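Pasting run.pdb here (PDB, C-alpha atoms):
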ATOM      1  CA  MET A   1     -47.370 -31.545 190.884
ATOM      2  CA  ALA A   2     -43.667 -31.364 190.167
ATOM      3  CA  ASN A   3     -41.024 -29.867 192.410
ATOM      4  CA  GLU A   4     -38.065 -30.368 190.126
ATOM      5  CA  VAL A   5     -35.087 -28.433 191.468
ATOM      6  CA  SER A   6     -32.246 -27.299 189.196
ATOM      7  CA  LEU A   7     -29.894 -24.881 190.922
ATOM      8  CA  THR A   8     -26.259 -23.990 190.497
ATOM      9  CA  ASN A   9     -24.650 -25.407 193.602
ATOM     10  CA  ASN A  10     -25.293 -27.589 196.601
ATOM     11  CA  ALA A  11     -25.379 -24.680 199.038
ATOM     12  CA  ASP A  12     -28.329 -23.144 197.199
ATOM     13  CA  LEU A  13     -30.048 -26.513 197.121
ATOM     14  CA  ARG A  14     -29.745 -26.921 200.866
ATOM     15  CA  ILE A  15     -31.105 -23.412 201.450
ATOM     16  CA  ALA A  16     -34.025 -24.092 199.116
ATOM     17  CA  SER A  17     -34.713 -27.348 200.944
ATOM     18  CA  VAL A  18     -34.894 -25.620 204.325
ATOM     19  CA  LEU A  19     -37.057 -22.798 202.974
ATOM     20  CA  ASN A  20     -39.465 -25.223 201.343
ATOM     21  CA  GLN A  21     -39.831 -27.149 204.591
ATOM     22  CA  GLU A  22     -40.585 -23.942 206.491
ATOM     23  CA  VAL A  23     -43.120 -22.783 203.894
ATOM     24  CA  TRP A  24     -44.801 -26.184 203.980
ATOM     25  CA  GLN A  25     -45.094 -26.038 207.775
ATOM     26  CA  LEU A  26     -46.679 -22.596 207.557
ATOM     27  CA  THR A  27     -49.139 -23.283 204.760
ATOM     28  CA  SER A  28     -50.175 -26.904 205.179
ATOM     29  CA  ASP A  29     -53.552 -27.804 206.617
ATOM     30  CA  LYS A  30     -53.207 -31.225 208.243
ATOM     31  CA  VAL A  31     -56.858 -31.432 209.296
ATOM     32  CA  ASP A  32     -58.469 -34.749 208.366
ATOM     33  CA  LEU A  33     -62.243 -34.426 207.999
ATOM     34  CA  ARG A  34     -62.878 -37.995 206.858
ATOM     35  CA  SER A  35     -64.007 -38.965 210.358
ATOM     36  CA  THR A  36     -66.971 -36.579 210.066
ATOM     37  CA  CYS A  37     -68.487 -38.627 207.218
ATOM     38  CA  TYR A  38     -70.259 -41.958 206.886
ATOM     39  CA  ARG A  39     -67.752 -44.385 205.363
ATOM     40  CA  ILE A  40     -69.028 -46.778 202.719
ATOM     41  CA  PRO A  41     -67.274 -50.148 202.955
ATOM     42  CA  ALA A  42     -65.484 -50.960 199.719
ATOM     43  CA  ALA A  43     -64.249 -54.448 200.638
ATOM     44  CA  GLY A  44     -65.342 -56.921 198.000
ATOM     45  CA  VAL A  45     -66.117 -54.208 195.473
ATOM     46  CA  VAL A  46     -64.387 -55.178 192.253
ATOM     47  CA  GLY A  47     -64.772 -53.800 188.758
ATOM     48  CA  THR A  48     -66.683 -50.634 189.630
ATOM     49  CA  LEU A  49     -65.927 -47.278 191.199
ATOM     50  CA  ALA A  50     -69.609 -46.491 191.802
ATOM     51  CA  VAL A  51     -71.166 -47.885 194.968
ATOM     52  CA  LYS A  52     -74.726 -47.456 196.213
ATOM     53  CA  VAL A  53     -75.117 -46.361 199.811
ATOM     54  CA  PRO A  54     -76.570 -49.287 201.809
ATOM     55  CA  GLN A  55     -79.401 -47.401 203.448
ATOM     56  CA  VAL A  56     -82.878 -48.372 204.635
ATOM     57  CA  LEU A  57     -85.659 -46.059 205.741
ATOM     58  CA  PHE A  58     -86.213 -46.698 209.430
ATOM     59  CA  ASN A  59     -89.351 -44.575 209.660
ATOM     60  CA  ASP A  60     -91.560 -47.542 208.732
ATOM     61  CA  ILE A  61     -93.434 -49.148 211.616
ATOM     62  CA  MET A  62     -95.307 -52.402 212.078
ATOM     63  CA  ALA A  63     -99.069 -52.596 211.519
ATOM     64  CA  ALA A  64    -101.764 -54.898 212.858
ATOM     65  CA  ILE A  65    -102.382 -57.683 210.339
ATOM     66  CA  GLY A  66    -105.664 -59.599 210.250
ATOM     67  CA  GLU A  67    -105.859 -63.372 210.518
ATOM     68  CA  VAL A  68    -104.488 -65.170 207.439
ATOM     69  CA  THR A  69    -103.795 -61.801 205.833
ATOM     70  CA  ASP A  70    -100.630 -61.257 203.840
ATOM     71  CA  VAL A  71     -98.226 -58.651 205.127
ATOM     72  CA  PRO A  72     -98.106 -55.862 202.523
ATOM     73  CA  PRO A  73     -94.647 -55.139 201.091
ATOM     74  CA  ASN A  74     -92.585 -52.074 201.791
ATOM     75  CA  ALA A  75     -90.332 -51.355 198.833
ATOM     76  CA  LEU A  76     -86.794 -50.302 199.522
ATOM     77  CA  GLU A  77     -85.825 -46.937 198.152
ATOM     78  CA  ASN A  78     -84.782 -47.088 194.507
ATOM     79  CA  ASP A  79     -83.259 -43.617 194.509
ATOM     80  CA  THR A  80     -80.370 -44.644 196.724
ATOM     81  CA  VAL A  81     -77.429 -42.275 196.563
ATOM     82  CA  THR A  82     -74.465 -43.523 194.566
ATOM     83  CA  VAL A  83     -70.980 -42.375 195.470
ATOM     84  CA  THR A  84     -68.265 -42.700 192.836
ATOM     85  CA  ALA A  85     -64.569 -42.883 193.594
ATOM     86  CA  ALA A  86     -62.052 -41.287 191.244
ATOM     87  CA  ARG A  87     -58.291 -41.348 191.112
ATOM     88  CA  GLN A  88     -56.620 -38.632 193.157
ATOM     89  CA  ALA A  89     -52.888 -38.279 192.524
ATOM     90  CA  LEU A  90     -49.894 -36.160 193.446
ATOM     91  CA  ARG A  91     -46.370 -36.347 192.005
ATOM     92  CA  TYR A  92     -42.993 -35.145 193.265
ATOM     93  CA  ASP A  93     -39.935 -35.085 190.985
ATOM     94  CA  PRO A  94     -36.766 -34.518 193.053
ATOM     95  CA  SER A  95     -33.675 -34.171 190.905
ATOM     96  CA  ASP A  96     -30.475 -36.145 191.424
ATOM     97  CA  GLU A  97     -28.671 -32.954 192.427
ATOM     98  CA  PHE A  98     -31.319 -32.215 195.018
ATOM     99  CA  LEU A  99     -31.085 -35.665 196.590
ATOM    100  CA  ILE A 100     -27.299 -35.981 196.401
ATOM    101  CA  SER A 101     -26.824 -32.569 197.999
ATOM    102  CA  GLY A 102     -28.109 -33.892 201.304
ATOM    103  CA  GLY A 103     -31.121 -31.627 201.433
ATOM    104  CA  ASN A 104     -33.640 -32.014 204.222
ATOM    105  CA  THR A 105     -36.278 -33.421 201.874
ATOM    106  CA  GLY A 106     -35.703 -37.142 201.399
ATOM    107  CA  PRO A 107     -37.971 -40.099 200.656
ATOM    108  CA  ALA A 108     -39.512 -40.057 204.149
ATOM    109  CA  GLU A 109     -40.456 -36.378 203.927
ATOM    110  CA  LEU A 110     -41.778 -36.804 200.388
ATOM    111  CA  ALA A 111     -43.908 -39.775 201.460
ATOM    112  CA  ASN A 112     -45.272 -37.681 204.316
ATOM    113  CA  GLY A 113     -46.064 -34.881 201.882
ATOM    114  CA  LEU A 114     -47.900 -37.273 199.567
ATOM    115  CA  ALA A 115     -49.970 -38.634 202.455
ATOM    116  CA  LEU A 116     -50.878 -35.154 203.667
ATOM    117  CA  GLY A 117     -51.724 -34.220 200.094
ATOM    118  CA  TYR A 118     -54.289 -37.020 200.094
ATOM    119  CA  VAL A 119     -55.748 -35.860 203.419
ATOM    120  CA  ARG A 120     -56.011 -32.290 202.121
ATOM    121  CA  ARG A 121     -57.719 -33.518 198.953
ATOM    122  CA  ALA A 122     -60.258 -35.542 200.959
ATOM    123  CA  SER A 123     -61.025 -32.541 203.174
ATOM    124  CA  GLU A 124     -61.380 -30.303 200.125
ATOM    125  CA  MET A 125     -63.854 -32.701 198.485
ATOM    126  CA  ILE A 126     -65.898 -32.911 201.709
ATOM    127  CA  THR A 127     -66.078 -29.158 202.318
ATOM    128  CA  THR A 128     -67.090 -28.522 198.697
ATOM    129  CA  LEU A 129     -70.383 -30.292 199.490
ATOM    130  CA  TYR A 130     -71.333 -27.986 202.374
ATOM    131  CA  PRO A 131     -73.196 -25.441 200.192
ATOM    132  CA  SER A 132     -75.321 -28.343 198.892
ATOM    133  CA  PHE A 133     -77.279 -28.587 202.155
ATOM    134  CA  THR A 134     -80.698 -26.958 201.792
ATOM    135  CA  ALA A 135     -80.916 -25.590 205.340
ATOM    136  CA  VAL A 136     -78.799 -22.482 205.912
ATOM    137  CA  ALA A 137     -77.744 -20.731 209.116
ATOM    138  CA  GLY A 138     -75.991 -17.382 209.220
ATOM    139  CA  ASP A 139     -76.177 -14.411 206.875
ATOM    140  CA  THR A 140     -74.156 -13.385 203.866
ATOM    141  CA  THR A 141     -71.527 -10.674 204.506
ATOM    142  CA  VAL A 142     -72.213 -10.869 208.266
ATOM    143  CA  ALA A 143     -69.743 -12.237 210.837
ATOM    144  CA  LEU A 144     -70.634 -15.569 212.442
ATOM    145  CA  THR A 145     -72.280 -15.385 215.868
ATOM    146  CA  VAL A 146     -73.312 -17.725 218.658
ATOM    147  CA  ASP A 147     -76.914 -17.338 217.453
ATOM    148  CA  ASP A 148     -75.938 -18.780 214.063
ATOM    149  CA  ILE A 149     -74.522 -21.882 215.733
ATOM    150  CA  TYR A 150     -77.694 -22.246 217.778
ATOM    151  CA  ASP A 151     -79.783 -21.820 214.603
ATOM    152  CA  ALA A 152     -77.892 -24.629 212.864
ATOM    153  CA  SER A 153     -78.278 -26.863 215.915
ATOM    154  CA  PHE A 154     -81.990 -26.061 216.119
ATOM    155  CA  ASP A 155     -82.450 -26.905 212.430
ATOM    156  CA  LEU A 156     -81.057 -30.382 213.059
ATOM    157  CA  GLU A 157     -83.259 -30.841 216.110
ATOM    158  CA  LYS A 158     -86.376 -29.661 214.263
ATOM    159  CA  ALA A 159     -85.605 -32.135 211.491
ATOM    160  CA  ASP A 160     -85.788 -34.837 214.211
ATOM    161  CA  VAL A 161     -82.747 -36.577 212.801
ATOM    162  CA  SER A 162     -81.207 -39.580 214.497
ATOM    163  CA  GLY A 163     -77.805 -39.368 216.090
ATOM    164  CA  THR A 164     -76.145 -37.029 218.550
ATOM    165  CA  SER A 165     -73.067 -34.823 218.697
ATOM    166  CA  PRO A 166     -73.066 -33.297 215.216
ATOM    167  CA  ASN A 167     -69.816 -32.060 213.713
ATOM    168  CA  CYS A 168     -69.396 -28.372 212.955
ATOM    169  CA  VAL A 169     -66.637 -27.538 210.464
ATOM    170  CA  LEU A 170     -65.745 -23.863 210.103
ATOM    171  CA  SER A 171     -63.008 -21.846 208.470
ATOM    172  CA  PRO A 172     -60.488 -20.400 210.962
ATOM    173  CA  LYS A 173     -62.055 -16.950 210.415
ATOM    174  CA  GLN A 174     -65.563 -18.270 211.076
ATOM    175  CA  PHE A 175     -64.395 -19.946 214.256
ATOM    176  CA  THR A 176     -62.676 -16.837 215.625
ATOM    177  CA  ASP A 177     -65.840 -14.841 214.870
ATOM    178  CA  PHE A 178     -67.775 -17.466 216.841
ATOM    179  CA  GLN A 179     -65.277 -17.193 219.697
ATOM    180  CA  SER A 180     -65.578 -13.419 219.679
ATOM    181  CA  SER A 181     -69.357 -13.616 219.848
ATOM    182  CA  LEU A 182     -69.191 -16.274 222.556
ATOM    183  CA  ARG A 183     -66.795 -14.152 224.583
ATOM    184  CA  GLY A 184     -69.240 -11.263 224.482
ATOM    185  CA  GLU A 185     -72.188 -13.279 225.795
ATOM    186  CA  GLY A 186     -73.331 -12.040 229.182
ATOM    187  CA  GLY A 187     -74.223 -13.985 232.298
ATOM    188  CA  ALA A 188     -72.855 -17.294 233.477
ATOM    189  CA  ILE A 189     -72.292 -18.699 229.981
ATOM    190  CA  GLN A 190     -68.810 -17.158 230.013
ATOM    191  CA  PHE A 191     -67.840 -19.229 233.017
ATOM    192  CA  VAL A 192     -69.205 -22.611 231.957
ATOM    193  CA  PRO A 193     -66.168 -24.954 231.683
ATOM    194  CA  ALA A 194     -67.082 -26.004 228.130
ATOM    195  CA  THR A 195     -67.265 -22.351 227.078
ATOM    196  CA  ALA A 196     -63.942 -21.560 228.701
ATOM    197  CA  ASP A 197     -62.393 -24.494 226.859
ATOM    198  CA  MET A 198     -63.917 -23.342 223.562
ATOM    199  CA  LEU A 199     -62.375 -19.902 224.014
ATOM    200  CA  ALA A 200     -58.905 -21.369 224.626
ATOM    201  CA  ASN A 201     -56.315 -21.131 221.865
ATOM    202  CA  LYS A 202     -55.785 -24.462 220.132
ATOM    203  CA  GLY A 203     -54.022 -25.721 217.038
ATOM    204  CA  GLN A 204     -55.506 -26.894 213.751
ATOM    205  CA  GLY A 205     -58.378 -29.321 213.522
ATOM    206  CA  PHE A 206     -60.493 -30.396 216.472
ATOM    207  CA  LYS A 207     -61.323 -27.445 218.693
ATOM    208  CA  GLY A 208     -63.394 -29.181 221.342
ATOM    209  CA  THR A 209     -67.030 -29.887 222.178
ATOM    210  CA  TRP A 210     -69.522 -27.208 223.125
ATOM    211  CA  ASN A 211     -73.278 -27.713 223.668
ATOM    212  CA  GLY A 212     -72.952 -31.264 222.354
ATOM    213  CA  ILE A 213     -71.340 -30.106 219.086
ATOM    214  CA  ASN A 214     -67.865 -31.180 217.947
ATOM    215  CA  PHE A 215     -66.043 -28.205 216.417
ATOM    216  CA  PHE A 216     -63.353 -28.403 213.736
ATOM    217  CA  THR A 217     -61.550 -25.775 211.707
ATOM    218  CA  SER A 218     -60.100 -26.259 208.246
ATOM    219  CA  SER A 219     -58.664 -23.902 205.657
ATOM    220  CA  GLN A 220     -60.295 -26.172 203.063
ATOM    221  CA  VAL A 221     -63.706 -24.621 203.859
ATOM    222  CA  THR A 222     -64.758 -22.961 200.616
ATOM    223  CA  ASP A 223     -65.444 -19.284 200.042
ATOM    224  CA  ASP A 224     -66.505 -17.132 197.106
ATOM    225  CA  GLY A 225     -64.607 -14.041 198.167
ATOM    226  CA  THR A 226     -67.649 -12.748 200.041
ATOM    227  CA  ASP A 227     -68.754 -15.602 202.308
ATOM    228  CA  TYR A 228     -67.373 -18.758 203.862
ATOM    229  CA  TYR A 229     -69.471 -21.922 203.613
ATOM    230  CA  GLY A 230     -69.005 -24.095 206.691
ATOM    231  CA  ALA A 231     -71.492 -26.687 207.899
ATOM    232  CA  MET A 232     -72.943 -28.570 210.864
ATOM    233  CA  TYR A 233     -73.877 -32.157 210.071
ATOM    234  CA  LEU A 234     -74.139 -35.703 211.285
ATOM    235  CA  PRO A 235     -71.979 -38.402 209.657
ATOM    236  CA  GLY A 236     -74.870 -39.696 207.529
ATOM    237  CA  GLY A 237     -75.165 -36.338 205.797
ATOM    238  CA  ILE A 238     -72.076 -36.966 203.678
ATOM    239  CA  VAL A 239     -70.815 -40.370 202.549
ATOM    240  CA  LEU A 240     -67.187 -41.213 201.861
ATOM    241  CA  LEU A 241     -65.886 -44.020 199.655
ATOM    242  CA  GLU A 242     -62.230 -45.024 199.684
ATOM    243  CA  MET A 243     -60.952 -47.984 197.705
ATOM    244  CA  PRO A 244     -58.440 -49.829 199.916
ATOM    245  CA  VAL A 245     -55.350 -51.219 198.235
ATOM    246  CA  GLU A 246     -56.452 -54.847 198.664
ATOM    247  CA  VAL A 247     -59.454 -54.142 196.420
ATOM    248  CA  ILE A 248     -57.246 -52.531 193.779
ATOM    249  CA  ARG A 249     -54.771 -55.429 193.928
ATOM    250  CA  THR A 250     -57.423 -57.748 192.547
ATOM    251  CA  VAL A 251     -57.675 -55.729 189.335
ATOM    252  CA  ILE A 252     -54.014 -54.649 189.079
ATOM    253  CA  PRO A 253     -52.313 -57.861 190.310
ATOM    254  CA  THR A 254     -48.912 -57.235 188.695
ATOM    255  CA  ASN A 255     -48.247 -53.921 190.424
ATOM    256  CA  ALA A 256     -45.269 -54.499 192.708
ATOM    257  CA  PHE A 257     -45.911 -51.282 194.639
ATOM    258  CA  LEU A 258     -49.456 -52.355 195.423
ATOM    259  CA  SER A 259     -48.200 -55.720 196.661
ATOM    260  CA  VAL A 260     -46.157 -54.052 199.416
ATOM    261  CA  ALA A 261     -48.742 -51.387 200.332
ATOM    262  CA  VAL A 262     -50.225 -51.728 203.821
ATOM    263  CA  ALA A 263     -53.556 -53.576 203.883
ATOM    264  CA  GLY A 264     -56.417 -51.195 204.527
ATOM    265  CA  SER A 265     -54.449 -48.201 203.337
ATOM    266  CA  SER A 266     -56.365 -45.729 201.223
ATOM    267  CA  MET A 267     -53.376 -44.771 199.094
ATOM    268  CA  TRP A 268     -50.093 -46.113 197.813
ATOM    269  CA  VAL A 269     -46.889 -44.637 196.413
ATOM    270  CA  GLU A 270     -45.090 -45.696 193.238
ATOM    271  CA  ILE A 271     -41.561 -44.752 192.201
ATOM    272  CA  GLN A 272     -40.265 -44.547 188.675
ATOM    273  CA  ARG A 273     -36.961 -43.424 187.216
ATOM    274  CA  ASP A 274     -36.461 -40.944 184.395
ATOM    275  CA  ALA A 275     -32.755 -41.336 183.756
ATOM    276  CA  SER A 276     -32.666 -38.917 180.808
ATOM    277  CA  LYS A 277     -33.714 -36.056 183.089
ATOM    278  CA  GLY A 278     -32.040 -37.283 186.248
ATOM    279  CA  LEU A 279     -35.349 -37.428 188.122
ATOM    280  CA  THR A 280     -36.792 -39.877 190.620
ATOM    281  CA  GLU A 281     -40.529 -39.579 190.170
ATOM    282  CA  MET A 282     -42.721 -40.375 193.160
ATOM    283  CA  VAL A 283     -46.473 -40.676 192.564
ATOM    284  CA  GLY A 284     -49.095 -40.992 195.302
ATOM    285  CA  ASN A 285     -52.365 -42.639 194.245
ATOM    286  CA  GLY A 286     -55.719 -43.020 195.924
ATOM    287  CA  TYR A 287     -59.294 -43.665 194.797
ATOM    288  CA  LEU A 288     -61.704 -41.462 196.712
ATOM    289  CA  GLY A 289     -65.278 -40.266 196.353
ATOM    290  CA  VAL A 290     -67.763 -38.239 198.421
ATOM    291  CA  ALA A 291     -71.454 -37.489 197.971
ATOM    292  CA  LEU A 292     -74.295 -35.702 199.733
ATOM    293  CA  ASN A 293     -76.395 -38.472 201.256
ATOM    294  CA  GLU A 294     -79.159 -37.107 203.511
ATOM    295  CA  ASP A 295     -79.942 -33.438 203.108
ATOM    296  CA  GLY A 296     -81.817 -33.315 206.420
ATOM    297  CA  LEU A 297     -78.683 -34.299 208.345
ATOM    298  CA  GLY A 298     -76.786 -31.120 207.595
ATOM    299  CA  VAL A 299     -76.965 -27.341 207.695
ATOM    300  CA  GLU A 300     -74.798 -24.919 205.732
ATOM    301  CA  ILE A 301     -73.271 -22.180 207.880
ATOM    302  CA  ARG A 302     -72.678 -19.010 205.884
ATOM    303  CA  SER A 303     -70.812 -15.937 207.110
ATOM    304  CA  ALA A 304     -68.586 -13.110 205.941
ATOM    305  CA  VAL A 305     -65.030 -13.637 204.762
TER     306      VAL A 305
END
How would this structure read if it were set down as C-alpha cells?
Amino acid sequence: MANEVSLTNNADLRIASVLNQEVWQLTSDKVDLRSTCYRIPAAGVVGTLAVKVPQVLFNDIMAAIGEVTDVPPNALENDTVTVTAARQALRYDPSDEFLISGGNTGPAELANGLALGYVRRASEMITTLYPSFTAVAGDTTVALTVDDIYDASFDLEKADVSGTSPNCVLSPKQFTDFQSSLRGEGGAIQFVPATADMLANKGQGFKGTWNGINFFTSSQVTDDGTDYYGAMYLPGGIVLLEMPVEVIRTVIPTNAFLSVAVAGSSMWVEIQRDASKGLTEMVGNGYLGVALNEDGLGVEIRSAV
C-alpha cells in the first residue's frame, strides 16, 4: 500500500498529515486476536512454511494386558492439520517533500502503522475461519441475544471439550445487540456484578468476562451484508503459525534488516531508497498462517448486520 504524497506546498502537506492521523485514529482496529489461538512453535523450522500441528488424541485409555502379552499399538493420527505461513506485507512510500515539511508522520509513526497493519491482518485471517465451524448459534437476519450466547456455550459443553474460559469474538454490532438483550433480562441477572461490568461502556478489544466466557469485539469479524459471523471457541480450535525473525535469518543470512530485528519478533521492517522518485520506501514483512484445527472446539455465532 502506497501513501505517496505530492502536494503544492508545505502547509498543505502538514494539513494532510494531521488529517491522515485523525482518520487513522478513527478507522483503525487495534484489536489483537492472536492470543485466542493455539500458537504453533516455529523455532527450529527451516526450509518449509508448512508445519503439522503437534497433536495427540488424549481420549485413549489404558487396558488390562494379560501376562506376557504384547501391548497393542495405538497409531497416531495421520490426518494431522497442517498450517502454512505466507508472506504478509505492507508498504509506505513517504515522499521527500512530505518528510522535509515536518509533517506529523515520521519513521516512528510509520513503523507503528506497519505493526498495527500486521495485527489487523492476523485478526482478519483468524476471523475469516469462524464460518468454518460446523456448530452454529444464532439465526440469520436476527439480532444477537443472550440465548444465542448460551446456545454457543452449551454446544461447547455438550461436545465435552477440554479447557475452560472460551473466547467469544463478536463484531461491535453483535456485542451491542448482546448487551441490549442482556439489559432486558429480568430478575437478579441485571444486578450480578459480572453482568453490570459487561454492560459498561469499554473501548476496543477485550470487553470482560461473563459466565466464564472472555468477550472480545473486532471490526475484522466478517459479514456478507446480511449477517455477521462471530465465534466462541477455545484456543485449540484455531492454530496460528508465525515465523520469528531468527528462523528467517537462517535462510536469508545476508539481510541487514533481519540482523537488527528483535529476536522473537513476528515481523521486520526494511527501508529502501528510490532516488529517481524521491521516495523512501518502508516495507513491513511477516510470515503468518492460520488454520482450523479442531472443529468441536468452536461454534460460529451468526446474527443480523
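Take atom CA of Val51 of chain A and atom CA of Val83 of chain A: the distance between them is 5.5 Å.
Counting only C-alpha atoms and comparing A:Thr145, A:Thr164, A:Ser101, A:Asn214, the residue that lies closest to Arg302 of chain A is A:Thr145.
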Original post:
Could you write out as a ChimeraX atom specification the residues that the PyMOL selection byres ((chain A and resi 179) around 12) matches in the shown file?
Top reply: /A:143-147,149,170,172-178,180-185,190,195-202,207,210,215
**OP:** Provide the atom CA of Asp160 of chain A to atom CA of Leu234 of chain A distance in Å, to one decimal place.
**Re:** 12.0 Å
Can you give me, as a PDB file with C-alpha atoms, keeping the file's coordinate frame, the residues this file yields under the PyMOL selection byres ((chain A and resi 140) around 10)?
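Contents of part.pdb, as written:
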ATOM      1  CA  ALA A 137     -77.744 -20.731 209.116  1.00  0.00           C
ATOM      2  CA  GLY A 138     -75.991 -17.382 209.220  1.00  0.00           C
ATOM      3  CA  ASP A 139     -76.177 -14.411 206.875  1.00  0.00           C
ATOM      4  CA  THR A 141     -71.527 -10.674 204.506  1.00  0.00           C
ATOM      5  CA  VAL A 142     -72.213 -10.869 208.266  1.00  0.00           C
ATOM      6  CA  ALA A 143     -69.743 -12.237 210.837  1.00  0.00           C
ATOM      7  CA  LEU A 144     -70.634 -15.569 212.442  1.00  0.00           C
ATOM      8  CA  THR A 226     -67.649 -12.748 200.041  1.00  0.00           C
ATOM      9  CA  ASP A 227     -68.754 -15.602 202.308  1.00  0.00           C
ATOM     10  CA  TYR A 228     -67.373 -18.758 203.862  1.00  0.00           C
ATOM     11  CA  TYR A 229     -69.471 -21.922 203.613  1.00  0.00           C
ATOM     12  CA  ILE A 301     -73.271 -22.180 207.880  1.00  0.00           C
ATOM     13  CA  ARG A 302     -72.678 -19.010 205.884  1.00  0.00           C
ATOM     14  CA  SER A 303     -70.812 -15.937 207.110  1.00  0.00           C
ATOM     15  CA  ALA A 304     -68.586 -13.110 205.941  1.00  0.00           C
ATOM     16  CA  VAL A 305     -65.030 -13.637 204.762  1.00  0.00           C
TER      17      VAL A 305
END
